[in-house]
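K.L.:
To be precise about what I am sending: the file is called coords23.cif and holds mmCIF, C-alpha atoms and all ligand atoms.
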data_coords
#
loop_
_atom_site.label_atom_id
_atom_site.label_comp_id
_atom_site.auth_asym_id
_atom_site.auth_seq_id
_atom_site.Cartn_x
_atom_site.Cartn_y
_atom_site.Cartn_z
CA MET A 738 -31.70 -3.36 -17.82
CA THR A 739 -29.38 -2.75 -14.92
CA LYS A 740 -29.01 -5.00 -11.91
CA TYR A 741 -27.91 -2.27 -9.51
CA ASP A 742 -29.62 1.00 -8.70
CA PHE A 743 -27.67 4.02 -9.89
CA GLU A 744 -30.78 6.13 -10.50
CA THR A 745 -32.40 6.77 -7.13
CA ILE A 746 -31.39 10.09 -5.63
CA ILE A 747 -30.35 9.35 -2.07
CA ASP A 748 -30.75 12.30 0.27
CA ARG A 749 -27.35 12.80 1.88
CA ARG A 750 -28.22 16.14 3.47
CA ASN A 751 -27.98 16.38 7.25
CA THR A 752 -25.93 13.19 7.50
CA GLY A 753 -22.65 14.95 8.26
CA CYS A 754 -21.85 14.55 4.57
CA LEU A 755 -18.92 16.70 3.46
CA LYS A 756 -20.12 16.91 -0.13
CA TRP A 757 -23.69 18.04 0.58
CA ASP A 758 -23.62 19.63 4.03
CA ALA A 759 -20.45 21.72 4.04
CA TRP A 760 -21.88 24.18 1.51
CA SER A 761 -24.86 25.27 3.61
CA ARG A 762 -22.66 25.34 6.70
CA ARG A 763 -20.64 27.96 4.82
CA GLY A 764 -23.77 30.01 4.34
CA HIS A 765 -24.71 29.03 0.77
CA ALA A 766 -28.14 28.00 -0.49
CA ALA A 767 -29.07 24.42 0.34
CA ASP A 768 -30.49 23.76 -3.13
CA ASP A 769 -27.19 24.43 -4.93
CA LEU A 770 -25.89 21.21 -6.48
CA PRO A 771 -22.54 20.10 -5.06
CA LEU A 772 -20.55 18.24 -7.72
CA TRP A 773 -17.16 18.91 -6.21
CA VAL A 774 -15.30 16.55 -3.83
CA ALA A 775 -14.53 13.11 -5.28
CA ASP A 776 -17.05 10.87 -3.66
CA MET A 777 -20.15 9.35 -5.21
CA ASP A 778 -23.83 9.83 -4.50
CA PHE A 779 -24.39 6.09 -4.99
CA LYS A 780 -24.68 3.35 -2.39
CA THR A 781 -21.65 1.09 -2.35
CA ALA A 782 -21.75 -2.47 -3.71
CA PRO A 783 -24.49 -4.58 -2.05
CA ALA A 784 -21.87 -7.18 -1.05
CA ALA A 785 -20.16 -4.57 1.13
CA ILE A 786 -23.42 -3.49 2.74
CA GLU A 787 -24.19 -7.14 3.56
CA ALA A 788 -20.73 -7.78 4.98
CA LEU A 789 -20.85 -4.57 7.03
CA THR A 790 -24.33 -5.37 8.33
CA GLU A 791 -23.16 -8.78 9.47
CA ARG A 792 -20.13 -7.23 11.14
CA VAL A 793 -22.30 -4.62 12.86
CA GLN A 794 -24.55 -7.38 14.19
CA HIS A 795 -21.53 -9.13 15.66
CA GLY A 796 -21.42 -6.24 18.07
CA VAL A 797 -17.76 -6.41 19.09
CA TYR A 798 -15.63 -3.79 17.37
CA GLY A 799 -12.24 -4.25 18.99
CA TYR A 800 -8.74 -3.83 17.53
CA THR A 801 -8.58 -5.36 14.10
CA MET A 802 -5.98 -7.06 11.88
CA ALA A 803 -6.08 -7.77 8.20
CA THR A 804 -6.63 -11.50 7.59
CA ASP A 805 -5.16 -13.77 4.91
CA GLY A 806 -8.48 -13.41 3.09
CA TYR A 807 -8.12 -9.64 3.14
CA TYR A 808 -4.62 -9.64 1.63
CA GLU A 809 -5.62 -12.15 -1.02
CA SER A 810 -8.70 -10.15 -2.00
CA VAL A 811 -6.55 -7.06 -2.62
CA GLN A 812 -3.80 -8.98 -4.45
CA ASN A 813 -6.31 -10.82 -6.64
CA TRP A 814 -8.09 -7.56 -7.50
CA PHE A 815 -4.94 -5.91 -8.81
CA GLU A 816 -3.96 -9.03 -10.67
CA ARG A 817 -7.38 -9.49 -12.27
CA ARG A 818 -8.11 -5.84 -13.05
CA HIS A 819 -4.63 -4.51 -13.80
CA GLY A 820 -2.43 -7.51 -14.55
CA TRP A 821 -0.09 -6.71 -11.66
CA ARG A 822 0.05 -8.62 -8.37
CA PRO A 823 1.40 -6.78 -5.32
CA GLU A 824 3.27 -9.12 -3.00
CA ARG A 825 2.05 -9.70 0.52
CA GLU A 826 5.11 -8.22 2.22
CA TRP A 827 4.79 -4.96 0.26
CA PHE A 828 1.57 -3.96 2.05
CA VAL A 829 1.37 -1.08 4.47
CA MET A 830 -2.12 0.02 5.50
CA THR A 831 -2.87 3.67 6.26
CA PRO A 832 -6.09 5.57 7.00
CA GLY A 833 -5.94 7.31 3.63
CA VAL A 834 -3.84 8.14 0.62
CA VAL A 835 -3.23 11.78 1.56
CA PHE A 836 -2.05 10.48 4.93
CA ALA A 837 0.35 8.17 3.08
CA LEU A 838 1.64 11.07 0.95
CA SER A 839 2.52 12.90 4.15
CA MET A 840 4.25 9.76 5.48
CA ALA A 841 6.27 9.44 2.27
CA VAL A 842 7.33 13.09 2.35
CA ASN A 843 8.50 12.65 5.94
CA ALA A 844 10.14 9.27 5.40
CA PHE A 845 12.09 10.06 2.25
CA THR A 846 13.01 13.75 2.52
CA GLN A 847 14.36 16.20 5.07
CA PRO A 848 12.91 19.63 5.90
CA GLY A 849 13.88 22.04 3.13
CA ASP A 850 14.30 19.28 0.50
CA ALA A 851 12.54 19.66 -2.81
CA VAL A 852 9.62 17.48 -3.90
CA ILE A 853 8.41 17.67 -7.50
CA ILE A 854 4.84 17.58 -8.81
CA GLN A 855 3.08 18.17 -12.14
CA PRO A 856 0.36 20.80 -11.81
CA PRO A 857 -2.46 21.32 -12.31
CA VAL A 858 -2.74 18.49 -9.81
CA TYR A 859 -4.76 17.31 -6.82
CA TYR A 860 -4.07 20.14 -4.35
CA PRO A 861 -3.19 18.05 -1.25
CA PHE A 862 0.06 17.15 -3.06
CA ARG A 863 1.12 20.78 -2.57
CA LEU A 864 -0.22 20.87 0.98
CA MET A 865 1.59 17.70 2.09
CA ILE A 866 4.85 19.10 0.72
CA GLN A 867 4.57 22.63 2.08
CA ASP A 868 2.86 21.83 5.38
CA ASN A 869 5.71 19.43 6.15
CA GLY A 870 8.28 22.17 5.56
CA ARG A 871 9.51 20.86 2.20
CA LYS A 872 9.95 22.85 -0.98
CA MET A 873 7.44 22.36 -3.76
CA VAL A 874 9.01 22.26 -7.20
CA THR A 875 6.74 22.11 -10.22
CA SER A 876 6.97 20.79 -13.73
CA PRO A 877 3.62 21.88 -15.16
CA LEU A 878 1.87 19.61 -17.63
CA ARG A 879 1.71 20.88 -21.19
CA TYR A 880 -1.70 21.84 -22.55
CA GLU A 881 -1.77 21.92 -26.33
CA ASN A 882 -4.69 21.45 -28.70
CA GLY A 883 -6.99 20.55 -25.83
CA ARG A 884 -4.77 17.74 -24.55
CA TYR A 885 -2.37 17.42 -21.62
CA THR A 886 1.05 15.78 -21.85
CA MET A 887 4.09 15.59 -19.60
CA ASP A 888 6.98 18.00 -20.19
CA PHE A 889 9.85 15.50 -19.94
CA GLU A 890 12.66 17.95 -20.68
CA GLY A 891 11.30 20.55 -18.26
CA PHE A 892 10.84 17.86 -15.61
CA GLU A 893 14.45 16.73 -15.90
CA ARG A 894 15.71 20.32 -15.80
CA GLN A 895 13.70 20.97 -12.64
CA LEU A 896 15.03 17.78 -11.03
CA GLU A 897 18.60 18.76 -11.77
CA LYS A 898 18.13 22.33 -10.58
CA SER A 899 16.32 21.48 -7.36
CA ALA A 900 17.99 18.16 -6.49
CA ALA A 901 14.51 16.85 -5.66
CA LYS A 902 14.46 13.50 -3.87
CA LEU A 903 10.82 12.69 -4.38
CA PHE A 904 8.25 12.89 -7.17
CA ILE A 905 4.53 12.60 -6.49
CA LEU A 906 2.96 11.18 -9.64
CA CYS A 907 -0.80 11.23 -10.14
CA ASN A 908 -1.63 8.11 -12.18
CA PRO A 909 -4.24 8.51 -13.56
CA HIS A 910 -4.09 12.27 -13.29
CA ASN A 911 -6.60 14.27 -11.28
CA PRO A 912 -7.83 16.78 -12.47
CA VAL A 913 -6.76 16.59 -16.14
CA GLY A 914 -8.10 13.04 -16.57
CA ARG A 915 -5.13 11.49 -18.38
CA ALA A 916 -4.53 7.74 -18.06
CA TRP A 917 -0.77 7.86 -18.60
CA THR A 918 0.48 5.39 -21.19
CA GLU A 919 3.20 2.83 -20.55
CA ASP A 920 5.54 4.87 -22.73
CA GLU A 921 4.92 8.10 -20.79
CA LEU A 922 5.35 6.35 -17.44
CA ARG A 923 8.54 4.68 -18.59
CA ARG A 924 10.02 7.98 -19.80
CA ILE A 925 9.24 9.83 -16.58
CA GLY A 926 10.31 6.78 -14.56
CA ASP A 927 13.64 6.60 -16.39
CA ILE A 928 14.36 10.24 -15.57
CA CYS A 929 13.61 9.55 -11.90
CA LEU A 930 15.77 6.40 -11.86
CA ALA A 931 18.66 8.28 -13.49
CA HIS A 932 18.50 10.94 -10.78
CA ASN A 933 17.82 8.62 -7.86
CA VAL A 934 14.39 10.08 -7.23
CA ARG A 935 11.77 8.03 -5.39
CA VAL A 936 8.35 7.94 -7.07
CA VAL A 937 5.19 8.11 -5.01
CA ALA A 938 2.53 6.91 -7.43
CA ASP A 939 -0.93 7.98 -6.32
CA GLU A 940 -3.10 5.40 -8.12
CA ILE A 941 -6.31 5.91 -6.17
CA HIS A 942 -8.34 6.41 -9.38
CA ALA A 943 -6.85 3.29 -11.04
CA ASP A 944 -10.18 1.53 -11.53
CA PHE A 945 -11.83 4.27 -13.58
CA ALA A 946 -10.08 3.98 -16.94
CA ARG A 947 -12.71 4.79 -19.56
CA PRO A 948 -13.45 2.62 -22.63
CA ASP A 949 -10.38 2.40 -24.90
CA PHE A 950 -8.00 3.40 -22.08
CA LYS A 951 -6.23 1.37 -19.46
CA HIS A 952 -4.50 1.88 -16.18
CA VAL A 953 -0.80 1.04 -16.17
CA PRO A 954 0.47 0.56 -12.60
CA PHE A 955 3.78 2.41 -12.36
CA ALA A 956 5.36 -0.49 -10.48
CA SER A 957 4.34 -2.94 -13.21
CA LEU A 958 6.93 -1.43 -15.59
CA GLY A 959 9.72 -3.58 -14.21
CA ARG A 960 11.76 -4.41 -11.14
CA GLU A 961 13.82 -1.16 -11.02
CA TYR A 962 10.66 0.95 -11.29
CA ALA A 963 8.95 -1.06 -8.54
CA ASP A 964 12.05 -0.71 -6.40
CA ALA A 965 11.82 3.10 -6.60
CA ALA A 966 8.06 3.20 -6.04
CA VAL A 967 5.59 3.81 -3.25
CA VAL A 968 2.25 2.87 -4.79
CA CYS A 969 -0.79 4.39 -3.13
CA THR A 970 -4.10 2.61 -3.70
CA ALA A 971 -7.46 2.44 -1.97
CA PRO A 972 -10.93 1.01 -2.49
CA SER A 973 -12.38 4.35 -1.39
CA LYS A 974 -12.92 5.98 -4.81
CA THR A 975 -13.78 2.72 -6.59
CA PHE A 976 -16.45 1.64 -4.12
CA ASN A 977 -17.32 4.92 -2.39
CA LEU A 978 -15.82 3.96 0.96
CA ALA A 979 -13.95 7.18 1.80
CA GLY A 980 -15.68 7.47 5.18
CA LEU A 981 -14.25 4.09 6.21
CA GLN A 982 -10.69 5.42 6.06
CA LEU A 983 -8.52 2.68 4.65
CA SER A 984 -5.88 2.54 1.96
CA ASN A 985 -3.32 -0.03 0.83
CA ILE A 986 0.17 1.26 0.12
CA PHE A 987 2.60 -1.06 -1.69
CA ILE A 988 6.32 -0.52 -1.14
CA PRO A 989 8.39 -3.22 -2.86
CA ASN A 990 11.80 -2.03 -1.61
CA ALA A 991 12.42 -3.40 1.90
CA ASP A 992 14.52 -0.46 3.13
CA ALA A 993 12.03 2.07 1.83
CA ARG A 994 9.20 0.11 3.42
CA ALA A 995 10.99 0.06 6.76
CA ALA A 996 11.58 3.84 6.59
CA PHE A 997 7.92 4.43 5.74
CA LYS A 998 6.79 2.17 8.60
CA ARG A 999 9.05 3.97 11.08
CA THR A 1000 7.47 7.29 10.09
CA LEU A 1001 4.00 5.77 10.28
CA GLY A 1002 4.79 4.34 13.72
CA ARG A 1003 5.60 7.81 15.03
CA THR A 1004 2.05 8.97 14.29
CA GLY A 1005 0.65 6.37 16.68
CA TYR A 1006 -1.53 4.86 13.95
CA ASP A 1007 -1.57 1.12 14.29
CA GLU A 1008 -4.55 -1.05 13.41
CA PRO A 1009 -7.02 -0.41 10.58
CA SER A 1010 -10.72 0.22 11.14
CA VAL A 1011 -12.79 -2.95 11.39
CA PHE A 1012 -15.36 -1.57 8.96
CA GLY A 1013 -12.72 -0.50 6.46
CA VAL A 1014 -11.24 -3.99 6.36
CA THR A 1015 -14.64 -5.70 6.14
CA ALA A 1016 -15.94 -3.54 3.30
CA THR A 1017 -12.68 -3.63 1.34
CA GLN A 1018 -12.53 -7.41 1.29
CA ALA A 1019 -16.20 -7.74 0.32
CA CYS A 1020 -15.84 -5.22 -2.51
CA TYR A 1021 -12.64 -6.67 -3.92
CA GLU A 1022 -14.07 -10.20 -3.74
CA GLN A 1023 -17.62 -9.57 -4.92
CA GLY A 1024 -17.90 -6.02 -6.25
CA GLU A 1025 -16.61 -6.47 -9.77
CA GLU A 1026 -19.96 -6.66 -11.53
CA TRP A 1027 -21.20 -3.63 -9.60
CA LEU A 1028 -18.12 -1.64 -10.63
CA ASP A 1029 -18.51 -2.56 -14.30
CA GLU A 1030 -22.12 -1.42 -14.23
CA LEU A 1031 -21.15 1.78 -12.43
CA LYS A 1032 -18.58 2.54 -15.10
CA GLY A 1033 -21.27 2.20 -17.75
CA VAL A 1034 -23.39 4.74 -15.85
CA LEU A 1035 -20.45 7.14 -15.52
CA ASN A 1036 -19.89 6.81 -19.24
CA GLU A 1037 -23.50 7.77 -19.93
CA ASN A 1038 -23.16 10.75 -17.59
CA TYR A 1039 -20.09 11.81 -19.51
CA GLY A 1040 -22.20 11.71 -22.68
CA VAL A 1041 -24.77 13.99 -21.00
CA LEU A 1042 -22.02 16.47 -20.12
CA GLN A 1043 -20.43 16.26 -23.57
CA ALA A 1044 -23.75 17.05 -25.24
CA ALA A 1045 -24.34 20.00 -22.91
CA VAL A 1046 -20.83 21.39 -23.39
CA ASP A 1047 -21.33 21.20 -27.16
CA ARG A 1048 -24.14 23.73 -26.66
CA MET A 1049 -22.01 26.08 -24.53
CA PRO A 1050 -20.03 28.60 -26.56
CA GLY A 1051 -16.65 29.27 -24.96
CA VAL A 1052 -16.52 26.01 -23.00
CA SER A 1053 -14.81 22.78 -24.04
CA LEU A 1054 -14.27 19.44 -22.42
CA VAL A 1055 -10.76 18.06 -21.98
CA PRO A 1056 -11.16 14.42 -23.14
CA LEU A 1057 -11.57 12.25 -20.07
CA GLU A 1058 -9.47 9.08 -20.14
CA SER A 1059 -9.91 8.10 -16.50
CA THR A 1060 -11.48 9.23 -13.19
CA TYR A 1061 -15.06 10.48 -12.95
CA LEU A 1062 -13.93 14.10 -12.71
CA PRO A 1063 -13.98 15.84 -16.09
CA TRP A 1064 -12.02 19.05 -16.52
CA LEU A 1065 -13.81 21.83 -18.35
CA ASP A 1066 -11.88 24.49 -20.21
CA CYS A 1067 -13.82 27.74 -19.69
CA SER A 1068 -11.09 30.01 -21.01
CA GLY A 1069 -13.14 30.87 -24.09
CA LEU A 1070 -15.80 32.60 -21.99
CA GLY A 1071 -13.77 35.78 -21.65
CA LEU A 1072 -14.03 35.70 -17.85
CA ASP A 1073 -11.32 35.83 -15.20
CA ASP A 1074 -11.37 33.24 -12.39
CA ALA A 1075 -13.56 35.42 -10.17
CA GLY A 1076 -15.99 35.67 -13.08
CA ILE A 1077 -15.99 31.89 -13.58
CA LYS A 1078 -16.65 31.45 -9.86
CA ARG A 1079 -19.63 33.84 -10.07
CA LEU A 1080 -20.94 32.04 -13.14
CA VAL A 1081 -20.75 28.61 -11.49
CA GLU A 1082 -21.89 29.51 -8.01
CA GLN A 1083 -24.25 32.45 -8.40
CA ASP A 1084 -25.68 32.00 -11.89
CA ALA A 1085 -25.65 28.20 -12.24
CA LYS A 1086 -26.13 27.43 -8.54
CA LEU A 1087 -23.49 24.71 -8.58
CA TRP A 1088 -20.57 23.91 -6.33
CA LEU A 1089 -17.67 22.76 -8.49
CA ASP A 1090 -13.93 22.72 -7.81
CA LEU A 1091 -12.46 25.81 -9.45
CA GLY A 1092 -9.35 25.18 -11.51
CA THR A 1093 -7.04 27.46 -9.52
CA MET A 1094 -7.35 25.11 -6.52
CA PHE A 1095 -5.06 22.78 -8.46
CA GLY A 1096 -2.42 25.44 -9.00
CA PRO A 1097 -2.23 28.63 -11.08
CA GLU A 1098 -2.03 26.33 -14.13
CA GLY A 1099 -5.72 25.53 -13.52
CA SER A 1100 -6.79 29.10 -14.19
CA GLY A 1101 -9.75 29.17 -16.58
CA PHE A 1102 -10.91 25.62 -15.77
CA VAL A 1103 -13.43 23.94 -13.48
CA ARG A 1104 -13.72 20.29 -12.42
CA MET A 1105 -17.05 18.51 -12.25
CA ASN A 1106 -17.92 15.26 -10.45
CA LEU A 1107 -20.06 12.91 -12.58
CA ALA A 1108 -20.67 10.24 -9.93
CA SER A 1109 -24.31 11.05 -9.27
CA PRO A 1110 -27.60 9.77 -10.68
CA LYS A 1111 -28.01 10.83 -14.31
CA SER A 1112 -31.00 13.08 -13.53
CA LEU A 1113 -28.83 15.09 -11.16
CA VAL A 1114 -25.97 15.36 -13.64
CA GLN A 1115 -28.49 16.45 -16.28
CA GLU A 1116 -29.84 19.12 -13.92
CA ALA A 1117 -26.31 20.40 -13.23
CA CYS A 1118 -25.53 20.51 -16.96
CA ASP A 1119 -28.78 22.37 -17.68
CA ARG A 1120 -27.97 24.94 -15.01
CA LEU A 1121 -24.49 25.49 -16.38
CA GLU A 1122 -25.76 25.74 -19.95
CA GLN A 1123 -28.38 28.33 -19.00
CA ALA A 1124 -25.81 30.32 -17.04
CA VAL A 1125 -23.34 30.32 -19.95
CA LYS A 1126 -26.06 31.32 -22.40
CA GLY A 1127 -27.14 34.10 -20.03
CA LEU A 1128 -23.69 35.68 -19.96
CA GLY A 1129 -23.66 39.27 -21.15
CA LYS A 1130 -27.46 39.44 -21.39
C1 LIG A 1201 -5.48 11.81 -6.60
C2 LIG A 1201 -6.13 11.65 -5.25
N1 LIG A 1201 -5.42 11.17 -4.22
C3 LIG A 1201 -5.95 11.00 -2.99
C4 LIG A 1201 -7.27 11.34 -2.74
C5 LIG A 1201 -7.84 11.21 -1.38
O1 LIG A 1201 -7.48 10.03 -0.79
P1 LIG A 1201 -7.78 9.73 0.73
O2 LIG A 1201 -9.20 10.09 1.01
O3 LIG A 1201 -7.52 8.26 0.83
O4 LIG A 1201 -6.83 10.54 1.54
C6 LIG A 1201 -8.06 11.84 -3.79
C7 LIG A 1201 -9.45 12.24 -3.55
O5 LIG A 1201 -10.05 12.95 -4.29
C8 LIG A 1201 -7.47 12.01 -5.07
O6 LIG A 1201 -8.17 12.49 -6.10
#
Spit out the file's structure as structure tokens when you get a sec.
Ligand SMILES: Cc1ncc(COP(=O)(O)O)c(C=O)c1O

P.N.:
Amino acid sequence: MTKYDFETIIDRRNTGCLKWDAWSRRGHAADDLPLWVADMDFKTAPAAIEALTERVQHGVYGYTMATDGYYESVQNWFERRHGWRPEREWFVMTPGVVFALSMAVNAFTQPGDAVIIQPPVYYPFRLMIQDNGRKMVTSPLRYENGRYTMDFEGFERQLEKSAAKLFILCNPHNPVGRAWTEDELRRIGDICLAHNVRVVADEIHADFARPDFKHVPFASLGREYADAAVVCTAPSKTFNLAGLQLSNIFIPNADARAAFKRTLGRTGYDEPSVFGVTATQACYEQGEEWLDELKGVLNENYGVLQAAVDRMPGVSLVPLESTYLPWLDCSGLGLDDAGIKRLVEQDAKLWLDLGTMFGPEGSGFVRMNLASPKSLVQEACDRLEQAVKGLGK
């Protein structure tokens, strides 16, 4: 028996919802199922809805500051959930993590400098590097026996060759779903420390480690690692608050923090949104039970997908250690990427993120979002299964 409702299908169409409305705006059928962008089809934690309702009723929505209670709620969350307590002076608030990635690129590198990433990876990493006139250098993840690992030697070679100043780490990794272990993080961190490379750790999916896995905050590895780190966090994935536009960036090193803040200041962004602050504090203070129940639901949805994939010849599931975005290996279908796109969109009537969005290394894969009521996930899996079974008929 669950306390919270993760079963009701909430109609998000015609609400200016990116996930559900952008597809028909692009001319596609409205009854296609959109399991692409990483937000959830669930209502947020009731505590946040109550706090927001109260704040709405107050009626005055002027410039807003984070309160002591806000900072403590965030610090306590990371301490309770991840055994690592960010200090109060490390905080910098931004309207999003991608925004913060852009700030970090501008604060810590010059035009033309190299920034290193590990594709296949969340595609705005590439965009924030290239759109800011920096050079993207890649050290692709290794994919062997259905599992992804870091290529430490290749990474170090690329650092030496490119003289990169910045590494954008995805921890846990979207889209391959790895929750990097302490050992892996330490090895990659040691290479960065040895070459004086700053590490931007995008930890936005930190709260979604699946059973038997855990999130290791990069900055928890020790003082030198924290000193080199810009840790990007947000309640937006965890509690489905992306539309409220608020993230907490932790920068332990005072000089680095000052450089980041100078860059941020030039954008003209100053105070956070009143609703972002209100919802964040409520979720971090009172949303824990809701999150634990949600994770159980996501786990069940993963089971639904796993069972369906087992019935799809040519498709396999890369084991998901964290995030709610499993990565499906479709390379056994004998299709090129255009063929996979036709299969997903025309035959299965789904909107999924195609692997090549995450770099050429994603060729042959698709990413599916499991954060929807189980009946909807089941429907999407059925459609994909039928489409795969219909291939060549
Ligand atoms: C790894 C990663 N970073 C950042 C974001 C987006 O963050 P924001 O909406 O705060 O810019 C996402 C969203 O999918 C993500 O997967």

K.L.:
Step by step, measure atom-to-atom distances between ligand LIG 1201 (chain A) and each residue using all atoms listed in the file, keep those at most 6 Å, then write them as a list of chain:residue names.

P.N.:
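Those within range of ligand LIG 1201 (chain A) are A:Ala775, A:Gly833, A:Val834, A:Val835, A:Phe836, A:Tyr859, A:Cys907, A:Asn911, A:Asp939, A:Ile941, A:Ala979.
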
K.L.:
So how many Å separate atom CA of Pro1063 of chain A and atom CA of Asp769 of chain A, to one decimal?

P.N.:
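Rounded to one decimal, the two atoms are 19.3 Å apart.
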
K.L.:
Name the residues, using the chain letters and numbers of the file, that sit within 10 Å of (-27.7, 11.5, -9.7) when counting all atoms listed in the file, and give them as a list in words.

P.N.:
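Output: Phe743, Glu744, Thr745, Ile746, Ile747, Met777, Asp778, Phe779, Asn1038, Leu1107, Ala1108, Ser1109, Pro1110, Lys1111, Ser1112, Leu1113, Val1114, Gln1115, Glu1116 and Ala1117 of chain A.
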
K.L.:
Need to verify the contact set: Asn843 of chain A, 8 Å, only C-alpha atoms, exclusion of same-chain residues closer than 3 positions in sequence. Can you return it as a VMD selection string?

P.N.:
chain A and resid 839 to 840 846 to 847 869 1000

K.L.:
Excluding Val936 of chain A and residues on its chain fewer than 3 positions from it, collect all residues at most 9 Å away from it, counting only C-alpha atoms, and give them as an NGL selection string.

P.N.:
:A and (902-906 or 926 or 929-930 or 955 or 962 or 965-968)

K.L.:
I'd like to know which of A:Ser1010, A:Asn1036, A:Gln812, A:Gln1083 is closest to Ile986 of chain A, using all atoms listed in the file.

P.N.:
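For Ile986 of chain A, the nearest of the candidates is A:Gln812.
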
K.L.:
Report the distance between atom CA of Trp917 of chain A and atom CA of Ala943 of chain A in Å, rounded to one decimal place.

P.N.:
10.7 Å

K.L.:
Determine, counting only C-alpha atoms, every residue of protein, DNA or RNA that lies within 8 Å of (-12.0, 29.4, -8.0) in the file coordinates, then give the result as a list in words.

P.N.:
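Collected hits near the coordinates: Asp1074, Ala1075, Ile1077, Lys1078, Asp1090, Leu1091, Gly1092, Thr1093, Met1094 and Val1103 of chain A.
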
K.L.:
Could you state the separation of atom CA of Asn933 of chain A and atom CA of Glu824 of chain A in Å, given to one decimal place?

P.N.:
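These two atoms are separated by 23.5 Å.
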
K.L.:
Have a look at A:Ile854, A:Met830, A:Cys969, A:Ala841 and name the one nearest to Tyr807 of chain A; count all atoms listed in the file.

P.N.:
A:Met830

K.L.:
Between A:Arg822, A:Lys780, A:Lys756, A:Arg817, single out the one closest to Asp944 of chain A, counting all atoms listed in the file.

P.N.:
A:Arg817

K.L.:
Quick one: axis-aligned box around all listed atoms of segment 946-951 of chain A, 3 Å on every side, centre and edge lengths in Å to one decimal, written as JSON.

P.N.:
{"center_x": -9.8, "center_y": 3.1, "center_z": -20.9, "size_x": 13.2, "size_y": 9.4, "size_z": 14.0}

K.L.:
Considering all atoms listed in the file, state which residue in the set A:Ala766, A:Val953, A:Cys1020, A:Ile925 is at the smallest distance from Ser810 of chain A.

P.N.:
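Smallest distance to Ser810 of chain A is found for A:Cys1020.
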
K.L.:
Glu1098 of chain A: which residues within 9 Å, counting only C-alpha atoms, same-chain residues fewer than 6 positions away excluded, as a list in words?

P.N.:
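The neighbour list is Pro856, Pro857, Val858, Pro877, Leu878 and Gly1092 of chain A.
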
K.L.:
Could you give me segment 803-812 of chain A completed to N, CA, C and O atoms, formatted as a tab-separated table (two decimals), in the coordinates of the input?

P.N.:
chain	number	residue	atom	x	y	z
A	803	ALA	N	-5.71	-7.24	9.51
A	803	ALA	CA	-6.08	-7.77	8.20
A	803	ALA	C	-5.83	-9.28	8.22
A	803	ALA	O	-4.84	-9.75	8.75
A	804	THR	N	-6.76	-10.03	7.63
A	804	THR	CA	-6.63	-11.50	7.59
A	804	THR	C	-5.98	-11.94	6.28
A	804	THR	O	-5.84	-11.14	5.34
A	805	ASP	N	-5.67	-13.24	6.18
A	805	ASP	CA	-5.16	-13.77	4.91
A	805	ASP	C	-6.15	-13.47	3.79
A	805	ASP	O	-5.76	-13.10	2.68
A	806	GLY	N	-7.43	-13.64	4.10
A	806	GLY	CA	-8.48	-13.41	3.09
A	806	GLY	C	-8.46	-11.97	2.60
A	806	GLY	O	-8.68	-11.69	1.42
A	807	TYR	N	-8.18	-11.06	3.52
A	807	TYR	CA	-8.12	-9.64	3.14
A	807	TYR	C	-6.98	-9.41	2.13
A	807	TYR	O	-7.18	-8.86	1.05
A	808	TYR	N	-5.78	-9.87	2.51
A	808	TYR	CA	-4.62	-9.64	1.63
A	808	TYR	C	-4.86	-10.25	0.26
A	808	TYR	O	-4.60	-9.64	-0.77
A	809	GLU	N	-5.40	-11.48	0.27
A	809	GLU	CA	-5.62	-12.15	-1.02
A	809	GLU	C	-6.64	-11.40	-1.88
A	809	GLU	O	-6.50	-11.30	-3.09
A	810	SER	N	-7.67	-10.86	-1.22
A	810	SER	CA	-8.70	-10.15	-2.00
A	810	SER	C	-8.08	-8.95	-2.71
A	810	SER	O	-8.42	-8.66	-3.86
A	811	VAL	N	-7.18	-8.25	-2.02
A	811	VAL	CA	-6.55	-7.06	-2.62
A	811	VAL	C	-5.59	-7.50	-3.73
A	811	VAL	O	-5.61	-6.96	-4.85
A	812	GLN	N	-4.77	-8.50	-3.43
A	812	GLN	CA	-3.80	-8.98	-4.45
A	812	GLN	C	-4.52	-9.47	-5.71
A	812	GLN	O	-4.12	-9.14	-6.83
